[in-house]
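J.: Next comes the structure file work37.cif, holding mmCIF, C-alpha atoms.
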data_structure
#
loop_
_atom_site.label_atom_id
_atom_site.label_comp_id
_atom_site.auth_asym_id
_atom_site.auth_seq_id
_atom_site.Cartn_x
_atom_site.Cartn_y
_atom_site.Cartn_z
CA MET A 14 -23.90 9.50 -13.27
CA GLY A 15 -22.47 12.93 -12.61
CA ARG A 16 -19.85 14.89 -14.49
CA ILE A 17 -16.07 14.89 -14.48
CA TYR A 18 -14.76 18.19 -13.17
CA GLU A 19 -11.19 19.13 -13.99
CA GLY A 20 -9.32 22.28 -13.25
CA PRO A 21 -6.12 23.71 -11.79
CA VAL A 22 -5.59 21.97 -8.46
CA LYS A 23 -2.40 22.31 -6.46
CA PHE A 24 -0.69 19.31 -4.95
CA PRO A 25 -1.37 19.31 -1.19
CA GLN A 26 1.44 20.36 1.08
CA LEU A 27 3.30 17.59 2.87
CA PHE A 28 3.12 19.40 6.21
CA LYS A 29 0.22 21.37 7.55
CA GLN A 30 0.55 25.06 8.20
CA LYS A 31 2.11 25.84 11.54
CA ARG A 32 -0.36 26.75 14.21
CA GLU A 33 0.08 29.49 16.72
CA ALA A 34 2.24 28.75 19.72
CA LYS A 35 0.32 27.18 22.53
CA SER A 36 0.24 28.41 26.08
CA PRO A 37 3.09 27.22 28.31
CA LEU A 38 0.51 25.51 30.51
CA SER A 39 -0.57 23.22 27.65
CA GLY A 40 2.58 21.12 27.73
CA THR A 41 6.05 20.74 29.12
CA SER A 42 8.81 22.62 27.31
CA ILE A 43 12.14 20.84 27.03
CA GLU A 44 15.21 22.88 26.17
CA SER A 45 17.48 21.19 23.64
CA GLY A 46 21.09 21.97 22.89
CA ASN A 47 20.24 24.70 20.38
CA SER A 48 17.70 26.35 22.73
CA ILE A 49 14.68 25.28 20.68
CA GLY A 50 11.60 24.49 22.72
CA MET A 51 9.71 21.25 22.16
CA THR A 52 6.19 20.65 23.38
CA VAL A 53 5.59 17.26 24.95
CA SER A 54 2.15 15.86 25.55
CA PRO A 55 1.48 14.48 29.01
CA SER A 56 0.29 11.10 27.69
CA VAL A 57 1.51 8.02 29.51
CA SER A 58 3.41 5.44 27.46
CA THR A 59 5.57 2.42 28.00
CA ILE A 60 8.79 4.41 27.83
CA GLU A 61 7.43 6.94 30.32
CA SER A 62 6.61 4.18 32.78
CA MET A 63 10.11 2.76 32.36
CA CYS A 64 11.59 6.19 32.96
CA SER A 65 9.51 6.60 36.06
CA SER A 66 10.80 3.28 37.34
CA PHE A 67 14.32 4.69 37.09
CA SER A 68 13.15 8.04 38.57
CA ILE A 69 14.26 10.01 35.50
CA THR A 70 13.15 13.64 35.23
CA ASP A 71 14.24 16.71 33.26
CA LYS A 72 15.99 18.23 36.27
CA LYS A 73 17.93 15.07 36.97
CA ILE A 74 19.11 14.82 33.37
CA GLU A 75 20.33 18.43 33.48
CA ASP A 76 22.18 17.78 36.74
CA LEU A 77 23.82 14.72 35.25
CA LEU A 78 24.94 16.54 32.11
CA SER A 79 26.15 19.61 34.01
CA ASN A 80 28.02 17.63 36.72
CA PRO A 81 29.43 14.52 35.07
CA SER A 82 32.04 14.09 37.79
CA GLN A 83 29.35 13.71 40.41
CA GLN A 84 27.10 11.33 38.48
CA HIS A 85 28.06 8.41 40.70
CA THR A 86 27.51 10.28 43.95
CA SER A 87 24.25 11.94 43.07
CA SER A 88 21.19 10.53 44.78
CA HIS A 89 18.91 11.23 41.81
CA PHE A 90 19.91 8.37 39.57
CA HIS A 91 20.59 5.36 41.73
CA ARG A 92 19.32 3.51 44.67
CA PRO A 93 20.86 3.82 48.17
CA ARG A 94 24.46 2.68 48.44
CA ARG A 95 24.98 -0.95 49.32
CA ARG A 96 27.59 -2.38 51.63
CA LYS A 97 30.15 -3.09 48.91
CA GLY A 98 31.02 0.20 47.32
CA ARG A 99 32.56 -1.25 44.19
CA SER A 100 29.50 -3.21 43.06
CA SER A 101 27.24 -0.30 43.99
CA LYS A 102 29.27 2.01 41.81
CA GLY A 103 28.94 -0.35 38.84
CA ASN A 104 25.21 -0.72 39.36
CA ASN A 105 24.81 3.03 39.60
CA SER A 106 26.66 3.53 36.32
CA CYS A 107 24.44 1.01 34.53
CA THR A 108 21.36 2.64 36.01
CA ASP A 109 22.49 6.07 34.80
CA ILE A 110 23.18 4.82 31.27
CA ILE A 111 19.88 2.95 31.01
CA GLY A 112 18.03 5.96 32.39
CA CYS A 113 19.62 8.32 29.85
CA ILE A 114 18.81 5.93 26.98
CA LEU A 115 15.19 5.63 28.06
CA TYR A 116 14.93 9.38 28.41
CA LEU A 117 16.30 9.93 24.91
CA LEU A 118 13.86 7.34 23.57
CA LEU A 119 11.04 9.20 25.29
CA ILE A 120 12.09 12.47 23.68
CA SER A 121 12.36 10.80 20.25
CA GLN A 122 8.94 9.19 20.61
CA LYS A 123 7.23 12.44 21.52
CA GLU A 124 9.05 14.37 18.79
CA CYS A 125 7.94 11.82 16.18
CA ALA A 126 4.38 12.04 17.48
CA ARG A 127 4.50 15.83 17.18
CA LEU A 128 5.82 15.64 13.62
CA LEU A 129 3.19 13.10 12.61
CA LYS A 130 0.48 15.47 13.80
CA ASP A 131 1.82 18.12 11.41
CA VAL A 132 1.94 15.77 8.39
CA ASN A 133 -0.82 16.21 5.84
CA THR A 134 -2.39 12.76 5.46
CA GLU A 135 -3.83 13.54 2.01
CA ALA A 136 -0.35 14.15 0.61
CA LEU A 137 0.83 10.84 2.06
CA GLN A 138 -2.20 9.06 0.58
CA ILE A 139 -1.46 10.45 -2.89
CA VAL A 140 2.20 9.41 -2.61
CA ALA A 141 1.20 5.94 -1.43
CA ALA A 142 -1.35 5.56 -4.24
CA GLY A 143 1.21 6.56 -6.86
CA THR A 144 3.84 4.26 -5.40
CA ALA A 145 1.48 1.29 -5.19
CA GLY A 146 -0.33 1.75 -8.51
CA MET A 147 2.39 3.08 -10.79
CA LEU A 148 5.53 1.50 -9.33
CA LEU A 149 4.83 -1.64 -7.30
CA LEU A 150 1.94 -2.96 -9.42
CA PRO A 151 3.76 -3.10 -12.80
CA SER A 152 7.02 -4.15 -11.15
CA CYS A 153 5.44 -7.11 -9.35
CA TYR A 154 3.46 -8.15 -12.42
CA THR A 155 6.43 -8.01 -14.79
CA THR A 156 8.76 -9.81 -12.38
CA GLY A 157 6.20 -12.51 -11.62
CA LEU A 158 5.46 -12.94 -15.32
CA ILE A 159 9.14 -13.53 -16.06
CA ILE A 160 9.57 -16.01 -13.21
CA THR A 161 6.36 -18.01 -13.72
CA SER A 162 4.04 -18.01 -16.76
CA PRO A 163 1.30 -15.83 -18.30
CA THR A 164 -1.42 -18.12 -16.94
CA ILE A 165 -0.29 -17.84 -13.32
CA ALA A 166 0.17 -14.09 -13.70
CA SER A 167 -3.35 -13.80 -15.11
CA VAL A 168 -4.77 -15.60 -12.08
CA TRP A 169 -3.27 -13.08 -9.70
CA ASP A 170 -3.94 -10.08 -11.93
CA GLY A 171 -7.59 -10.94 -12.54
CA PRO A 172 -9.70 -13.14 -10.26
CA MET A 173 -7.65 -12.69 -7.08
CA ILE A 174 -7.84 -8.88 -7.06
CA PRO A 175 -11.53 -8.49 -6.06
CA LEU A 176 -11.15 -11.14 -3.38
CA GLY A 177 -8.05 -9.49 -1.93
CA CYS A 178 -9.52 -5.99 -2.06
CA PHE A 179 -12.74 -7.04 -0.33
CA CYS A 180 -10.82 -8.81 2.45
CA ALA A 181 -8.50 -5.81 2.91
CA ALA A 182 -11.42 -3.35 3.01
CA VAL A 183 -13.26 -5.42 5.64
CA VAL A 184 -10.15 -5.95 7.78
CA LEU A 185 -9.24 -2.25 7.67
CA LYS A 186 -12.90 -1.38 8.41
CA LEU A 187 -13.18 0.74 5.29
CA GLU A 188 -16.16 -1.36 4.22
CA LYS A 189 -18.57 -3.62 6.06
CA ARG A 190 -20.02 -6.96 5.23
CA SER A 191 -23.70 -7.09 4.49
CA GLU A 192 -25.70 -6.99 7.70
CA HIS A 193 -28.73 -8.70 6.20
CA TYR A 194 -27.19 -11.01 3.56
CA PRO A 195 -23.57 -11.75 4.60
CA MET A 196 -23.41 -15.30 3.23
CA ALA A 197 -25.06 -14.31 -0.04
CA GLN A 198 -22.57 -11.49 -0.48
CA ILE A 199 -19.54 -13.72 0.11
CA GLY A 200 -21.06 -16.45 -2.04
CA SER A 201 -21.59 -14.03 -4.93
CA LEU A 202 -17.99 -12.87 -4.68
CA LEU A 203 -16.66 -16.42 -4.66
CA LEU A 204 -18.94 -17.33 -7.58
CA ALA A 205 -17.52 -14.50 -9.70
CA VAL A 206 -13.94 -15.36 -8.77
CA GLY A 207 -14.51 -19.07 -9.35
CA GLY A 208 -16.12 -18.49 -12.73
CA SER A 209 -13.20 -16.34 -13.82
CA LEU A 210 -10.78 -19.08 -12.79
CA ILE A 211 -12.79 -21.67 -14.76
CA VAL A 212 -12.55 -19.58 -17.94
CA LEU A 213 -8.85 -19.03 -17.39
CA MET A 214 -8.06 -22.68 -16.71
CA ALA A 215 -10.21 -23.85 -19.62
CA ASP A 216 -8.25 -21.63 -21.99
CA PHE A 217 -4.95 -22.79 -20.48
CA ILE A 218 -5.82 -26.49 -20.77
CA HIS A 219 -7.11 -26.05 -24.31
CA GLY A 220 -3.92 -24.26 -25.33
CA ASN A 221 -1.63 -26.91 -23.82
CA ASP A 222 -3.37 -30.07 -25.01
CA HIS A 223 -0.73 -30.66 -27.69
CA LYS A 224 2.18 -30.36 -25.24
CA ASN A 225 3.45 -33.08 -22.98
CA VAL A 226 4.21 -32.63 -19.31
CA ALA A 227 7.96 -32.27 -19.81
CA GLU A 228 7.52 -29.38 -22.24
CA ARG A 229 5.09 -27.58 -19.93
CA ASP A 230 7.34 -27.78 -16.88
CA ALA A 231 10.67 -27.36 -18.66
CA GLY A 232 10.98 -23.66 -17.99
CA MET A 233 9.93 -23.56 -14.34
CA ASN A 234 10.91 -25.45 -11.18
CA HIS A 235 9.32 -25.51 -7.77
CA VAL A 236 11.48 -22.70 -6.38
CA GLN A 237 10.60 -20.38 -9.24
CA PHE A 238 6.94 -21.29 -8.85
CA ILE A 239 6.94 -20.33 -5.15
CA GLN A 240 8.98 -17.17 -5.72
CA GLY A 241 6.78 -16.10 -8.62
CA ASN A 242 3.57 -16.54 -6.64
CA ILE A 243 4.99 -14.57 -3.73
CA VAL A 244 5.92 -11.72 -6.08
CA LEU A 245 2.56 -11.88 -7.87
CA SER A 246 0.73 -11.60 -4.56
CA GLY A 247 2.16 -8.09 -4.49
CA VAL A 248 -0.03 -7.35 -7.52
CA VAL A 249 -3.15 -7.98 -5.46
CA ALA A 250 -1.80 -5.96 -2.52
CA ALA A 251 -0.74 -3.01 -4.72
CA TYR A 252 -3.99 -2.91 -6.71
CA SER A 253 -6.10 -3.18 -3.56
CA ALA A 254 -4.13 -0.42 -1.85
CA THR A 255 -4.51 1.84 -4.89
CA ALA A 256 -8.27 1.26 -5.08
CA LEU A 257 -8.78 1.88 -1.37
CA LEU A 258 -6.64 5.04 -1.45
CA GLN A 259 -8.46 6.38 -4.50
CA LYS A 260 -11.69 6.02 -2.53
CA GLN A 261 -10.27 8.37 0.09
CA LEU A 262 -9.24 10.94 -2.54
CA THR A 263 -12.48 11.31 -4.49
CA HIS A 264 -12.60 15.09 -3.92
CA TYR A 265 -9.65 15.52 -6.32
CA PRO A 266 -10.26 15.60 -10.11
CA PRO A 267 -9.69 12.10 -11.58
CA ILE A 268 -7.30 13.09 -14.37
CA THR A 269 -5.32 15.39 -12.10
CA LEU A 270 -5.01 12.68 -9.45
CA THR A 271 -3.91 10.16 -12.08
CA SER A 272 -1.25 12.55 -13.40
CA TRP A 273 0.10 12.98 -9.86
CA MET A 274 0.23 9.22 -9.48
CA PHE A 275 2.12 8.91 -12.78
CA GLY A 276 4.64 11.51 -11.63
CA ILE A 277 5.18 9.79 -8.30
CA GLY A 278 5.62 6.45 -10.03
CA PHE A 279 8.18 7.95 -12.42
CA LEU A 280 10.13 9.55 -9.58
CA GLY A 281 10.07 6.28 -7.65
CA CYS A 282 11.33 4.29 -10.63
CA PHE A 283 14.02 6.87 -11.40
CA GLY A 284 15.13 6.99 -7.76
CA LEU A 285 15.24 3.18 -7.55
CA LEU A 286 17.37 2.93 -10.67
CA LEU A 287 19.66 5.69 -9.45
CA LEU A 288 20.20 4.16 -6.01
CA ASP A 289 20.71 0.71 -7.52
CA SER A 290 23.23 2.08 -9.98
CA VAL A 291 25.21 4.00 -7.36
CA LEU A 292 25.09 1.61 -4.40
CA LEU A 293 24.51 -1.89 -5.82
CA GLY A 294 25.81 -1.64 -9.37
CA GLY A 295 22.55 -2.77 -10.96
CA THR A 296 22.13 -5.91 -8.84
CA LEU A 297 18.52 -5.21 -7.87
CA THR A 298 17.06 -4.03 -11.17
CA GLY A 299 19.41 -5.87 -13.53
CA CYS A 300 20.78 -2.75 -15.20
CA THR A 301 22.17 0.65 -14.33
CA LEU A 302 20.46 3.96 -14.99
CA GLY A 303 22.64 4.62 -18.02
CA GLN A 304 21.91 1.21 -19.50
CA ALA A 305 18.17 1.68 -18.95
CA VAL A 306 18.20 5.06 -20.70
CA SER A 307 20.26 3.63 -23.57
CA GLN A 308 17.91 0.66 -24.05
CA LEU A 309 14.87 2.92 -23.92
CA HIS A 310 16.33 5.24 -26.55
CA LEU A 311 17.23 2.31 -28.79
CA ALA A 312 13.76 0.79 -28.53
CA LEU A 313 12.01 4.10 -29.20
CA THR A 314 14.08 4.81 -32.29
CA THR A 315 14.13 1.35 -33.86
CA SER A 316 10.97 -0.55 -32.85
CA PRO A 317 7.53 0.67 -33.97
CA THR A 318 5.94 -2.15 -31.94
CA PHE A 319 7.53 -0.79 -28.77
CA GLN A 320 6.33 2.71 -29.63
CA TYR A 321 2.72 1.58 -30.10
CA GLY A 322 2.90 -0.64 -27.03
CA LEU A 323 4.25 2.18 -24.88
CA LEU A 324 1.60 4.57 -26.17
CA TYR A 325 -1.17 2.04 -25.53
CA SER A 326 0.12 1.25 -22.04
CA ALA A 327 0.47 4.89 -21.06
CA LEU A 328 -2.85 6.13 -22.44
CA PHE A 329 -5.19 3.17 -21.92
CA VAL A 330 -3.72 0.59 -19.54
CA GLY A 331 -2.37 3.24 -17.18
CA GLY A 332 -4.00 6.62 -17.72
CA ALA A 333 -7.53 5.76 -18.81
CA CYS A 334 -7.96 2.82 -16.41
CA PHE A 335 -6.80 4.66 -13.31
CA ALA A 336 -8.68 7.84 -14.26
CA ILE A 337 -11.90 5.86 -14.75
CA ALA A 338 -11.31 4.02 -11.49
CA SER A 339 -10.75 7.34 -9.71
CA TYR A 340 -14.01 8.69 -11.13
CA ALA A 341 -15.89 5.49 -10.26
CA SER A 342 -14.60 5.66 -6.68
CA ALA A 343 -16.79 8.69 -6.10
CA HIS A 344 -19.90 6.61 -6.89
CA LEU A 345 -19.02 3.01 -5.99
CA GLU A 346 -17.17 1.18 -3.26
CA SER A 347 -13.69 -0.16 -3.90
CA SER A 348 -14.77 -3.81 -3.72
CA VAL A 349 -17.32 -3.24 -6.49
CA ILE A 350 -14.76 -1.51 -8.71
CA THR A 351 -12.16 -4.24 -8.32
CA LEU A 352 -14.84 -6.87 -8.96
CA PHE A 353 -14.63 -5.97 -12.66
CA ALA A 354 -11.10 -7.42 -12.68
CA ALA A 355 -12.78 -10.84 -12.65
CA CYS A 356 -14.12 -9.99 -16.14
CA GLN A 357 -10.67 -10.07 -17.70
CA PRO A 358 -10.60 -13.80 -18.64
CA PRO A 359 -14.18 -13.80 -20.03
CA MET A 360 -13.48 -10.61 -21.97
CA THR A 361 -10.26 -12.09 -23.35
CA ALA A 362 -12.14 -15.21 -24.48
CA PHE A 363 -14.80 -13.04 -26.11
CA LEU A 364 -12.20 -11.01 -28.03
CA GLU A 365 -10.44 -14.23 -29.12
CA TRP A 366 -13.75 -15.43 -30.50
CA ILE A 367 -14.23 -12.19 -32.48
CA TRP A 368 -10.68 -11.67 -33.78
CA GLU A 369 -9.25 -15.19 -33.98
CA GLY A 370 -12.39 -17.32 -34.34
CA LYS A 371 -11.65 -19.50 -31.32
CA GLY A 372 -14.59 -21.41 -29.93
CA PHE A 373 -15.90 -21.05 -26.41
CA GLY A 374 -16.68 -24.57 -25.29
CA TRP A 375 -19.05 -25.45 -22.48
CA LYS A 376 -16.44 -24.81 -19.77
CA LYS A 377 -15.88 -21.23 -20.84
CA VAL A 378 -19.59 -20.61 -21.20
CA PHE A 379 -20.22 -22.02 -17.74
CA GLY A 380 -17.45 -19.85 -16.28
CA MET A 381 -18.81 -16.73 -17.98
CA CYS A 382 -22.27 -17.41 -16.57
CA CYS A 383 -20.79 -17.79 -13.09
CA VAL A 384 -18.95 -14.48 -13.43
CA CYS A 385 -22.07 -12.65 -14.58
CA CYS A 386 -24.26 -14.15 -11.84
CA GLY A 387 -21.68 -13.45 -9.15
CA MET A 388 -21.17 -9.84 -10.20
CA CYS A 389 -24.90 -9.19 -10.46
CA GLY A 390 -25.55 -10.73 -7.05
CA PHE A 391 -22.70 -8.85 -5.35
CA THR A 392 -23.66 -5.46 -6.78
CA TYR A 393 -27.36 -6.06 -6.11
CA ILE A 394 -26.67 -6.80 -2.44
CA LYS A 395 -24.53 -3.65 -2.17
CA ARG A 396 -27.29 -1.55 -3.71
CA LEU A 397 -29.92 -3.18 -1.49
CA GLU A 398 -27.85 -2.48 1.62
CA SER A 399 -27.44 1.19 0.73
CA HIS A 400 -31.19 1.48 0.09
CA LEU A 401 -32.00 -0.09 3.46
CA LYS A 402 -29.64 2.32 5.21
CA LYS A 403 -31.34 5.30 3.58
CA VAL A 404 -34.73 3.99 4.66
CA GLN A 405 -33.55 3.50 8.25
CA HIS A 406 -32.03 6.99 8.44
CA ALA A 407 -35.19 8.49 6.96
#
As structure tokens - that is how I would like this structure written.

T.:
Amino acid sequence: MGRIYEGPVKFPQLFKQKREAKSPLSGTSIESGNSIGMTVSPSVSTIESMCSSFSITDKKIEDLLSNPSQQHTSSHFHRPRRRKGRSSKGNNSCTDIIGCILYLLLISQKECARLLKDVNTEALQIVAAGTAGMLLLPSCYTTGLIITSPTIASVWDGPMIPLGCFCAAVVLKLEKRSEHYPMAQIGSLLLAVGGSLIVLMADFIHGNDHKNVAERDAGMNHVQFIQGNIVLSGVVAAYSATALLQKQLTHYPPITLTSWMFGIGFLGCFGLLLLDSVLLGGTLTGCTLGQAVSQLHLALTTSPTFQYGLLYSALFVGGACFAIASYASAHLESSVITLFAACQPPMTAFLEWIWEGKGFGWKKVFGMCCVCCGMCGFTYIKRLESHLKKVQHA
């Protein structure tokens, strides 16, 4: 199983260390207004082809900027003069303006490409993982839960996560479908997801047998249902993005990586509240930064339930879960890790049976069996594929 290694690890720099200056022959140097050189790669792009169609070069731009009075008589930026001088002059002016705009776009494109080459991708991945897992995931879940109902939120937060993560991993080519058993792999995944939905729906129907239709639908209309499902789909996207990014960051200690993600999520939440308070007056989040701090202080000082709930959420729901997922990413693929999200409804039913004495019923038992069979089949195919690859390479 391996061991968890923790130690002092510095957060990666956002930009890579500057390399030594290249030879002048390696690129074209463009002098800007503050005499700072900029290296431009000779790659051909759409904007370059458009500039070439207008015959725009560095020398011609310098001539235009240095001699603005002669920009309509210069032969560098317009076609030969037509018979009517007035229309030719207007066409030449438009050509000059379009050429300058395209040239500036070309410079901006190449400058952005140069900056992107200097950006450290690992730092961006950590920031994206913290934003998705610690900011977007709880925000989407809480908002969707308020708009819809706990049952609908549980569907998106449980069974739909492994399905969404597997599809995202295959589309992004981070994982591959089984070469030898593709239909069995997809069938196992759908069996686990379907069994989880059966358990969830059985519990929902059993809990709402005593209510009539009017009472069930009194708190939600069709618009709220659509809006809530759109927001809750962000739960699947955020969780899948976090799992896939954690797979790319397995060389960092799990607890250290999780602490970085917590810090990034806190900064994102604080910045969102601050911007909403200053610019929108609390329209987006529903309260200003001062009101949020006041409510948090009041809840911490007066409600023991909130204190225990916050402690449980921070240590177990957030810290322990993401740290374990980060550790598991070094040994398993992301689709296998997220597959355990389908166990949430069966595990909830099992705990209800232990603590509250609720019965299972044949529907729940059938759903639990489907979840177990689907998970076993999916993980077995993954393990079999990895074994076959080792045998082929050997």

J.: Could you tell me how far CA of Leu128 (chain A) sits from CA of Leu27 (chain A), in Å to one decimal place?

T.: 11.2 Å

J.: Just the residues within 12 Å of Gln261 (chain A), please, counting only C-alpha atoms, with nothing from its chain fewer than 2 positions along; format it as a list in words.

T.: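 Contacts, with the query itself left out: Thr134, Glu135, Ala136, Leu137, Gln138, Ile139, Ala141, Ala142, Leu187, Ala254, Thr255, Ala256, Leu257, Leu258, Gln259, Thr263, His264, Tyr265, Leu270, Ser339, Tyr340, Ser342, Ala343, Leu345, Glu346 and Ser347 of chain A.
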
J.: Suppose you want the space between CA of Thr269 (chain A) and CA of Leu352 (chain A); what is it in Å?

T.: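 Separation of CA of Thr269 (chain A) and CA of Leu352 (chain A): 24.4 Å.
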
J.: Could you state the separation of CA of Lys371 (chain A) and CA of Pro172 (chain A) in Å, given to one decimal place?

T.: 22.1 Å

J.: Would you translate the PyMOL selection byres ((chain A and resi 250) around 9) into the concrete set of residues it matches in this file, as an MDAnalysis selection string?

T.: chainID A and resid 145 150 174 177:178 181 246:249 251:255

J.: Would you output that residue set with C-alpha atoms, as a PDB file, in the coordinates of the input?

T.:
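Result saved to result.pdb:
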ATOM      1  CA  ALA A 145       1.480   1.290  -5.190  1.00  0.00           C
ATOM      2  CA  LEU A 150       1.940  -2.960  -9.420  1.00  0.00           C
ATOM      3  CA  ILE A 174      -7.840  -8.880  -7.060  1.00  0.00           C
ATOM      4  CA  GLY A 177      -8.050  -9.490  -1.930  1.00  0.00           C
ATOM      5  CA  CYS A 178      -9.520  -5.990  -2.060  1.00  0.00           C
ATOM      6  CA  ALA A 181      -8.500  -5.810   2.910  1.00  0.00           C
ATOM      7  CA  SER A 246       0.730 -11.600  -4.560  1.00  0.00           C
ATOM      8  CA  GLY A 247       2.160  -8.090  -4.490  1.00  0.00           C
ATOM      9  CA  VAL A 248      -0.030  -7.350  -7.520  1.00  0.00           C
ATOM     10  CA  VAL A 249      -3.150  -7.980  -5.460  1.00  0.00           C
ATOM     11  CA  ALA A 251      -0.740  -3.010  -4.720  1.00  0.00           C
ATOM     12  CA  TYR A 252      -3.990  -2.910  -6.710  1.00  0.00           C
ATOM     13  CA  SER A 253      -6.100  -3.180  -3.560  1.00  0.00           C
ATOM     14  CA  ALA A 254      -4.130  -0.420  -1.850  1.00  0.00           C
ATOM     15  CA  THR A 255      -4.510   1.840  -4.890  1.00  0.00           C
TER      16      THR A 255
END

J.: For Leu297 (chain A), find every residue with an atom within 10 Å (counting all atoms listed in the file), except residues of its own chain fewer than 6 positions away, and show them as a PyMOL selection string.

T.: chain A and resi 285-286+288-290

J.: Based on the selection just made, write C-alpha atoms of those residues as a compact mmCIF listing (two decimals), in the coordinates of the input.

T.:
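New file out15.txt:
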# COMPACT_ATOMS: atom_id res chain seq x y z
CA LEU A 285 15.24 3.18 -7.55
CA LEU A 286 17.37 2.93 -10.67
CA LEU A 288 20.20 4.16 -6.01
CA ASP A 289 20.71 0.71 -7.52
CA SER A 290 23.23 2.08 -9.98

J.: Written as a ChimeraX atom specification, which residues does the PyMOL selection byres ((chain A and resi 384) around 12) give for the file shown?

T.: /A:171-172,200-213,352-360,377-383,385-391

J.: Run through the PyMOL selection byres ((chain A and resi 298-312) around 12) on the given coordinates and return the selected residues as JSON, numbers by chain.

T.: {"A": [152, 155, 156, 282, 283, 284, 285, 286, 287, 288, 289, 290, 291, 292, 293, 294, 295, 296, 297, 313, 314, 315, 316, 317, 318, 319, 320, 321, 322, 323]}

J.: Identify which of the residues A:Met147, A:Ser348, A:Phe24, A:Asp216 lies closest to Val183 (chain A), counting all atoms listed in the file when measuring atom-to-atom distances.

T.: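 Between A:Met147, A:Ser348, A:Phe24, A:Asp216, the residue approaching Val183 (chain A) most closely is A:Ser348.
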
J.: Give the answer as one residue: which of A:Ser191, A:Asn234, A:Asn133, A:Ser272 has the shortest atom-to-atom distance to Leu401 (chain A), using only C-alpha atoms?

T.: A:Ser191

J.: Compare A:Ala327, A:Ala182, A:Thr361, A:Thr164 by their minimum atom-to-atom distance to Phe279 (chain A), counting only C-alpha atoms, and give me the closest one.

T.: A:Ala327

J.: Using all atoms listed in the file for the distances, tell me which of A:Ala362, A:Ala166, A:Cys334, A:Ile199 is nearest to Phe179 (chain A).

T.: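 For Phe179 (chain A), the nearest of the given residues is A:Ile199.
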